[in-house]
file target07.txt (compact mmCIF, C-alpha atoms)
# COMPACT_ATOMS: atom_id res chain seq x y z
CA MET A 1 59.25 -21.21 65.00
CA ILE A 2 58.89 -20.73 68.76
CA LEU A 3 59.93 -17.59 70.59
CA TYR A 4 61.27 -18.11 74.08
CA THR A 5 61.32 -14.50 75.28
CA GLU A 6 59.27 -14.27 78.44
CA ASP A 7 56.23 -12.08 78.82
CA THR A 8 56.69 -9.83 81.86
CA LEU A 9 53.06 -10.22 82.99
CA THR A 10 52.82 -13.99 83.04
CA LYS A 11 56.44 -15.18 82.87
CA ARG A 12 55.41 -17.45 79.98
CA PRO A 13 56.97 -17.78 76.57
CA ILE A 14 55.49 -15.25 74.11
CA ALA A 15 54.33 -18.10 71.87
CA ASP A 16 51.94 -19.21 74.62
CA LEU A 17 50.28 -15.80 74.66
CA PHE A 18 48.79 -16.43 71.24
CA SER A 19 47.40 -19.84 72.04
CA SER A 20 43.66 -20.23 72.36
CA THR A 21 43.89 -21.82 75.79
CA HIS A 22 45.39 -18.89 77.68
CA SER A 23 45.15 -15.14 77.67
CA PRO A 24 47.24 -13.04 80.05
CA LEU A 25 44.25 -10.75 80.61
CA GLN A 26 41.53 -13.38 80.89
CA ASN A 27 40.89 -12.57 84.56
CA GLN A 28 40.30 -8.90 83.79
CA THR A 29 36.57 -8.11 83.61
CA PHE A 30 36.67 -5.78 80.59
CA MET A 31 37.83 -8.68 78.41
CA ASN A 32 34.44 -10.34 78.86
CA TYR A 33 33.04 -7.75 76.44
CA PRO A 34 33.53 -8.13 72.70
CA VAL A 35 36.19 -5.88 71.19
CA PRO A 36 33.70 -3.91 69.02
CA THR A 37 31.73 -2.97 72.13
CA ILE A 38 34.85 -1.70 73.88
CA ILE A 39 35.82 0.30 70.79
CA LEU A 40 32.35 1.86 70.57
CA VAL A 41 32.41 2.85 74.26
CA VAL A 42 35.87 4.42 73.90
CA LEU A 43 34.78 6.31 70.76
CA PHE A 44 31.61 7.56 72.46
CA LEU A 45 33.55 8.83 75.46
CA ALA A 46 36.12 10.51 73.23
CA VAL A 47 33.45 12.26 71.12
CA THR A 48 31.41 13.48 74.10
CA ALA A 49 34.49 14.67 75.98
CA CYS A 50 35.69 16.70 72.99
CA SER A 51 32.35 18.26 72.09
CA PRO A 52 32.10 21.98 72.88
CA LYS A 53 30.25 22.88 76.06
CA GLN A 54 27.32 25.11 75.25
CA LYS A 55 25.49 27.26 77.75
CA THR A 56 21.86 26.59 76.99
CA LYS A 57 19.58 28.96 78.79
CA LEU A 58 16.38 28.11 76.91
CA ASN A 59 14.48 24.88 76.73
CA LYS A 60 12.10 24.09 73.85
CA THR A 61 9.22 26.04 75.40
CA GLY A 62 11.18 29.28 75.83
CA GLN A 63 11.49 28.81 79.61
CA LEU A 64 14.60 30.38 81.11
CA HIS A 65 16.43 28.59 83.90
CA PHE A 66 16.58 30.60 87.14
CA LYS A 67 17.73 30.00 90.70
CA THR A 68 16.20 31.39 93.88
CA ILE A 69 18.62 33.60 95.80
CA LEU A 70 16.21 34.86 98.47
CA LYS A 71 12.69 33.84 99.47
CA GLU A 72 11.33 35.27 102.71
CA GLN A 73 8.41 36.89 104.48
CA TYR A 74 10.24 39.67 106.36
CA SER A 75 12.33 41.63 103.86
CA SER A 76 11.82 45.21 105.14
CA ILE A 77 10.79 46.28 101.59
CA GLN A 78 7.60 48.17 102.36
CA LYS A 79 6.43 49.11 98.83
CA LYS A 80 5.02 46.71 96.27
CA GLN A 81 7.54 46.63 93.41
CA ASP A 82 9.38 44.59 90.80
CA MET A 83 13.14 44.97 90.32
CA ILE A 84 15.78 44.10 87.74
CA ILE A 85 19.26 44.22 89.27
CA THR A 86 22.23 44.31 86.92
CA LYS A 87 24.96 45.90 89.07
CA ALA A 88 26.78 44.71 92.16
CA SER A 89 26.35 48.07 93.90
CA ALA A 90 22.56 47.93 93.49
CA TRP A 91 22.52 44.35 94.81
CA GLU A 92 24.59 45.31 97.87
CA SER A 93 22.31 48.27 98.59
CA LEU A 94 19.15 46.17 98.25
CA TRP A 95 20.62 43.42 100.46
CA GLU A 96 21.43 45.95 103.19
CA GLN A 97 17.94 47.44 102.96
CA MET A 98 16.28 44.00 103.15
CA HIS A 99 18.31 43.02 106.21
CA LYS A 100 18.53 46.33 108.07
CA ASN A 101 16.70 44.82 111.06
CA VAL A 102 18.68 41.56 111.13
CA GLN A 103 21.74 41.12 113.36
CA PRO A 104 24.15 39.78 112.33
CA MET A 105 23.47 40.56 108.70
CA PRO A 106 23.61 37.42 106.51
CA SER A 107 26.35 37.14 103.90
CA LEU A 108 25.58 38.62 100.52
CA PRO A 109 24.99 35.83 97.98
CA LYS A 110 27.52 36.00 95.14
CA VAL A 111 26.34 36.98 91.69
CA ASP A 112 28.55 37.33 88.61
CA PHE A 113 26.99 40.42 87.03
CA SER A 114 29.12 40.00 83.91
CA GLN A 115 26.98 36.93 83.12
CA GLU A 116 23.99 37.05 85.47
CA MET A 117 21.25 39.40 86.58
CA LEU A 118 18.70 39.36 89.40
CA ILE A 119 14.95 39.73 89.28
CA GLY A 120 13.12 40.55 92.49
CA VAL A 121 9.42 40.80 93.27
CA PHE A 122 8.18 42.41 96.45
CA MET A 123 4.62 42.37 97.76
CA GLY A 124 5.09 45.31 100.12
CA THR A 125 4.06 45.42 103.77
CA LYS A 126 1.02 43.35 104.66
CA SER A 127 -0.84 43.60 107.99
CA THR A 128 -0.92 39.83 108.65
CA GLY A 129 0.70 36.58 107.65
CA GLY A 130 -0.80 34.35 104.97
CA TYR A 131 0.56 36.39 102.06
CA ASP A 132 3.23 35.08 99.71
CA ILE A 133 4.79 35.88 96.36
CA ASN A 134 6.48 33.48 93.91
CA ILE A 135 8.20 33.84 90.58
CA GLN A 136 6.54 30.93 88.81
CA SER A 137 8.24 31.09 85.44
CA ILE A 138 10.46 33.21 83.24
CA LYS A 139 9.99 32.92 79.48
CA GLU A 140 11.97 34.50 76.69
CA THR A 141 10.30 35.63 73.48
CA GLU A 142 11.95 37.26 70.48
CA SER A 143 11.50 40.73 71.96
CA GLU A 144 11.15 40.41 75.74
CA ILE A 145 11.46 38.37 78.91
CA VAL A 146 8.15 37.62 80.62
CA VAL A 147 8.23 37.00 84.38
CA THR A 148 5.08 35.33 85.71
CA VAL A 149 4.51 36.18 89.37
CA LYS A 150 1.96 34.45 91.59
CA GLU A 151 0.61 36.44 94.55
CA ILE A 152 -1.04 34.46 97.33
CA PHE A 153 -3.55 36.04 99.70
CA PRO A 154 -4.81 34.64 103.02
CA ARG A 155 -8.08 32.75 103.02
CA ASN A 156 -11.00 34.17 104.96
CA THR A 157 -11.47 30.88 106.79
CA GLY A 158 -7.87 30.31 107.89
CA PHE A 159 -5.81 31.48 110.82
CA VAL A 160 -2.90 33.82 110.11
CA SER A 161 -0.22 35.51 112.18
CA THR A 162 -0.78 39.10 113.26
CA ALA A 163 2.76 40.16 112.39
CA LEU A 164 3.59 42.62 109.61
CA THR A 165 5.12 40.77 106.66
CA GLN A 166 6.88 41.77 103.43
CA PRO A 167 6.83 38.72 101.11
CA THR A 168 9.82 38.67 98.73
CA HIS A 169 11.28 36.46 96.02
CA VAL A 170 14.64 37.18 94.30
CA VAL A 171 16.08 34.94 91.57
CA LYS A 172 19.17 34.98 89.38
CA LEU A 173 19.39 34.09 85.71
CA LEU A 174 21.66 34.70 82.75
CA THR A 175 21.91 38.33 81.67
CA SER A 176 19.73 39.60 78.84
CA LYS A 177 19.40 43.00 77.19
CA LYS A 178 15.73 42.37 76.41
CA LYS A 179 12.89 44.27 78.06
CA VAL A 180 11.54 42.51 81.17
CA VAL A 181 7.76 42.38 81.58
CA PHE A 182 6.10 41.27 84.85
CA VAL A 183 2.73 39.49 84.78
CA ARG A 184 1.09 39.09 88.19
CA LYS A 185 -1.50 36.44 88.94
CA ALA A 186 -3.49 36.41 92.18
CA LYS A 187 -4.58 33.30 94.02
call {"tool": "encode", "arguments": {"input": "target07.txt", "output": "structure tokens"}}
result
Amino acid sequence: MILYTEDTLTKRPIADLFSSTHSPLQNQTFMNYPVPTIILVVLFLAVTACSPKQKTKLNKTGQLHFKTILKEQYSSIQKKQDMIITKASAWESLWEQMHKNVQPMPSLPKVDFSQEMLIGVFMGTKSTGGYDINIQSIKETESEIVVTVKEIFPRNTGFVSTALTQPTHVVKLLTSKKKVVFVRKAK
């Protein structure tokens, strides 16, 4: 029995569509792949698209992901100190203090304090250049968050600027209720 209804893609009788000599989609590149491969790809995409998105803040070594918000040498913070900032008002106040001598004042970086907090380390006023401070790592243990801070001092043999500096590093990370401990290492 032969069906003579035309296929709208090829304008051929439907019976010809099932012949081994012609396929209406033979020029399409995805047909070069075997059907099981196409099915596996579609299943993989469906499973990964439907899986729940998890916020993972820890890797296998306990390292917390953090992002630098501010790293500069002239912050106007004159005392050596470490800060944990968990409120927008405290962040705004600190930003104004750090930029009191800057005109125009830079825009305040946005922080979602319902999910994020800031950690800042300040070296205080130094009499020359050549000093720096870096948050190297932030690790989470069962009871606390450990912030490793590297302080860099000028070498005796190098040239440095004669300007007063206040090295600063501020980072943001996901909020935690755990105690924050700062460990400073000098270089």
call {"tool": "residues_around", "arguments": {"input": "target07.txt", "residues": "A:Ala88", "least_positions_apart": "4", "cutoff": "9 Å", "atoms": "all atoms listed in the file", "output": "PyMOL selection string"}}
result
chain A and resi 92-93+111-113
call {"tool": "residues_around", "arguments": {"input": "target07.txt", "residues": "A:Lys139", "least_positions_apart": "6", "cutoff": "6 Å", "atoms": "only C-alpha atoms", "output": "PyMOL selection string"}}
result
chain A and resi 62-64+145-146
call {"tool": "write_last_selection", "arguments": {"input": "target07.txt", "atoms": "C-alpha atoms", "output": "short mmCIF file (atom, residue, chain, number, x, y, z; two decimals), in the coordinates of the input"}}
result
data_model
loop_
_atom_site.label_atom_id
_atom_site.label_comp_id
_atom_site.auth_asym_id
_atom_site.auth_seq_id
_atom_site.Cartn_x
_atom_site.Cartn_y
_atom_site.Cartn_z
CA GLY A 62 11.18 29.28 75.83
CA GLN A 63 11.49 28.81 79.61
CA LEU A 64 14.60 30.38 81.11
CA ILE A 145 11.46 38.37 78.91
CA VAL A 146 8.15 37.62 80.62
#
call {"tool": "atom_distance", "arguments": {"input": "target07.txt", "atom1": "atom CA of A:Ile84", "atom2": "atom CA of A:Leu118"}}
result
5.8 Å
call {"tool": "closest_residue", "arguments": {"input": "target07.txt", "among": "A:Lys177, A:Lys87, A:Lys185, A:His169", "to": "A:Thr148", "atoms": "only C-alpha atoms"}}
result
A:Lys185
call {"tool": "atom_distance", "arguments": {"input": "target07.txt", "atom1": "atom CA of A:Ser107", "atom2": "atom CA of A:Gln136"}}
result
25.7 Å
